[in-house]
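Structure first, commentary second.
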Amino acid sequence: MSNIKRAFGNGKAFIAFITCGDPDLETTMEAVKEMEKAGADLVELGIPFSDPTAEGPVIQGANLRALNAGTTTDRIFGMVKEIRKEVTIPMVFMTYANVVFSYGAEKFMKTCSDIGMDGLILPDLPFEEKGEFLDICHKYDIDLISLIAPTSENRIAMIASQAEGFIYVVSSLGVTGTRSEITTDLSSIVTAIRENTDLPCAIGFGISTPEQAKKMADVSDGAIVGSAIIKILEKYGKDAPKHVGEYVKSMKDAIRQL
Amino acid sequence: MMSANGRFGIHGGQYIPETLMNAVIELEEAYNHYKNDPEFNRELKQLFDEYAGRPSRLYFAEKMTKDLGGAKIYLKREDLNHTGAHKINNVLGQALLAKKMGKTRLIAETGAGQHGVATATAAALMGMECVVFMGEEDTKRQALNVYKMELLGARVVPVTTGTKTLKDAVSEAMREWTNRISDTHYCLGSVMGPHPFPTIVRDFQAVISKEIKEQILEKEGRLPGAVIACVGGGSNAIGTFYHFIEDKDVRLIGCEAAGRGVNTFETAATIATGKLGIFHGMKSYFCQDEYGQIAPVYSISAGLDYPGIGPEHAYLHDSGRAEYVPVTDDEAVAAFEYLSRTEGIIPAIESAHAVAHAMKIAPSMGKDEIIVITISGRGDKDCAAIARYRGVKYIGDEV
């Protein structure tokens with residue numbers, strides 16, 4: 001059984017995203033520990049990429065700060081190894097296909113497996129191109145997470161039926177970033193997904209407030225938050241971890257009892 | 001040459017967010033339908049002939065030929081097209097296709113501004129809304145083209161992320177497309193990005209080599225020994241090569257922007273300095289570091305200042321069918337000035353890269369050999385920048 005499933009065993013799941021190395025890897029490490037203590041069920045660790053085409057301005061900024069601070073894939077692997085001495089919740093990497101491809105997919109997945117990562121999210125790797133990495137992911141027990149978007153429509157059955165780990169439901173058109181309103185009919189998308197798989201579905205993109213998280217978790221199995229957390233890192237820098245912890249607690253509390 | 005899933009050898013593919021997948025599938029289906037539709041082709045031909053001014057001339061550069069003393073040199077004058085570059089060929093095709101698909105809004109990226117101007121032009125002609133993304137750095141290098149786009153009714157969005165050049169404009173246009181798909185067509189300007197763009201753009205630009213072949217057979221009764229074009233993403237080059245790919249005796253030569261040299265970090269020569277990767281929707285060669293971070297490339301030419309190359313070029317390189325050579329800023333500027341003085345033709349600084357390579361190889365070729373250089377665009381847009389490069393002050397220059 002995929003380790004990721006554990007993230008969905010404590011009521012509705014709260015999934016937290018953080019860009020590794022923003023402002024530095026020590027802060028990332030402390031923030032992840034705070035996230036776990038505050039009740040996060042799964043952490044998405046972003047490996048920064050120079051040209052993150054699926055990200056809005058907030059996460060683009062985090063990518064840039066992290067790269068300017070000298071963050072590399074190897075240093076992130078080293079950090080995860082340290083984190084795993086304390087943190088036990090499931091963790092997945094979120095990055096872009098070229099980061100994995102240029103590192104060497106085999107070497108990348110083997111290291112992921114060695115240091116205790118559970119999955120991988122690549123927003124520029126749609127269903128049609130999964131073959132690029134899928135066999136190697138399976139070889140090292142790394143779940144390759146599938147995304148389903150508001151425009152997926154007739155593709156939902158195909159994607160959901162062959163998905164693994166959990167389904168990342170993209171709440172809205174466009175790129176990542178906080179939104180005042182989410183208007184997509186997500187419950188019908190989730191219904192269509194559930195007709196094709198027993199995997200849990202979590203909704204991300206645009207969620208920042210406890211009310212939004214509640215609304216999203218109400219129609220799915222969890223909420224994913226990125227940009228709102230990155231804004232805390234941007235505001236508090238090295239002092240961010242405790243603020244991140246407080247924020248994660250408020251979000252998890254809002255959805256725990258659904 | 002291309003397999004069903006949009007691959008050229010190992011290159012190409014569709015590495016894009018799920019949000020865009022149905023949009024590119026819809027585009028592929030529409031294109032496969034209309035490319036064989038007689039009415040579509042009749043309308044496109046009329047736009048090419050009556051609006052863009054096709055066929056473009058194949059001009060015998062007699063003075064240049066004599067001066068270099070070797071191969072007979074012909075210039076394919078894409079600079080004489082309406083809007084001053086080959087970009088209009090692709091844009092008229094895509095705009096017409098978008099219109100047939102019921103789209104009312106075109107978005108585009110632009111480097112030098114030629115593709116942006118062409119897209120704004122087609123949008124004006126066809127009554128469509130138009131938004132062009134242009135790196136902030138390029139809006140300065142090519143200020144006149146920004147004014148032209150606005151004059152034509154387009155909105156120009158300066159892109160302030162990353163290196164503020166063409167690659168960032170492409171990223172931003174892709175982001176905007178994920179934001180608004182139902183009424184919007186992304187009019188991609190080069191033979192790059194996810195399938196089906198590299199194929200669609202190639203097919204619309206292939207008119208260049210189709211005409212070269214007809215024109216050279218009429219003038220010389222034989223095929224050229226080499227065809228030469230500059231390569232950024234590679235649209236005028238693939239257009240120049242396409243109908244000669246099966247003619248194995250015709251050398252296909254693409255000229256990349258080496259900037260300050262392929263041994264410096266200030267270069268945009270992808271084949272010379274890049275490695276295999278996945279970016280902007282495609283697998284191809286990219287300038288990147290050991291961790292796959294895309295390199296901040298440089299060239300004097302905004303239109304070639306891109307860290308990748310179209311997947312079909314990557315394949316033609318792998319197979320050895322085409323050759324790709326680096327040309328530096330200095331060589332391109334010298335060629336820019338040479339063609340202006342020798343033939344009275346001011347080429348785009350992009351096209352000057354191709355002229356520069358022809359100047360290197362023509363003298364050692366036989367007088368019975370023929371080379372065709374595609375002059376992909378005219379150089380009016382570059383005069384201010386080249387004057388600055390040479391330290392010339394002239395009226396109208398802000399600096």
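To be explicit about the labels: the chains of the structure tokens are called A, B, and onward in the order shown, and within each one the residues are counted from 1, while ligands get numbers from 1 in the order they are shown.
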### Task
For chain B, report every residue with an atom at most 8 Å from chain A (counting only C-alpha atoms), formatted as number ranges by chain.
B: 13-22, 162, 168, 171-172, 174-180, 276-281, 290-294
Just write the chosen residues, C-alpha atoms, as a CSV table (one decimal), in the first residue's frame.
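Saved the output as selection12.csv:
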chain,number,residue,atom,x,y,z
B,13,GLY,CA,5.9,15.6,-27.3
B,14,GLN,CA,3.5,17.4,-25.2
B,15,TYR,CA,5.0,18.3,-21.8
B,16,ILE,CA,2.4,20.8,-20.7
B,17,PRO,CA,-0.1,21.2,-17.7
B,18,GLU,CA,-3.2,19.0,-17.8
B,19,THR,CA,-5.2,22.2,-18.0
B,20,LEU,CA,-4.0,22.7,-21.6
B,21,MET,CA,-4.3,19.2,-22.9
B,22,ASN,CA,-7.8,19.4,-24.3
B,162,GLY,CA,13.5,35.8,-15.3
B,168,ASP,CA,10.1,34.5,-20.3
B,171,SER,CA,6.4,31.1,-20.3
B,172,GLU,CA,4.0,34.1,-19.6
B,174,MET,CA,1.6,29.8,-21.7
B,175,ARG,CA,0.5,30.9,-18.2
B,176,GLU,CA,-2.1,33.2,-19.8
B,177,TRP,CA,-3.4,30.4,-22.0
B,178,THR,CA,-4.1,28.2,-19.0
B,179,ASN,CA,-6.0,31.1,-17.6
B,180,ARG,CA,-8.2,31.7,-20.5
B,276,LEU,CA,18.9,17.2,-24.1
B,277,GLY,CA,16.0,18.4,-21.9
B,278,ILE,CA,12.3,19.0,-21.4
B,279,PHE,CA,11.0,22.6,-21.5
B,280,HIS,CA,8.3,24.7,-22.9
B,281,GLY,CA,6.2,21.7,-23.8
B,290,GLU,CA,23.9,20.5,-14.5
B,291,TYR,CA,20.7,20.6,-12.5
B,292,GLY,CA,18.5,21.3,-15.5
B,293,GLN,CA,18.0,25.0,-14.7
B,294,ILE,CA,17.5,26.8,-18.0
### Message
Taking the DSSP secondary structure from the backbone, can you list the residues of segment 128-251 of chain A that are strand (DSSP E or B), as a list in words?
### Response
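Output for segment 128-251 of chain A, strand (DSSP E or B) only: Asp143, Leu144, Ser146, Leu147, Ile148, Ile167, Tyr168, Val169, Val170, Cys201, Ala202, Ile203, Gly204, Gly222, Ala223, Ile224 and Val225 of chain A.
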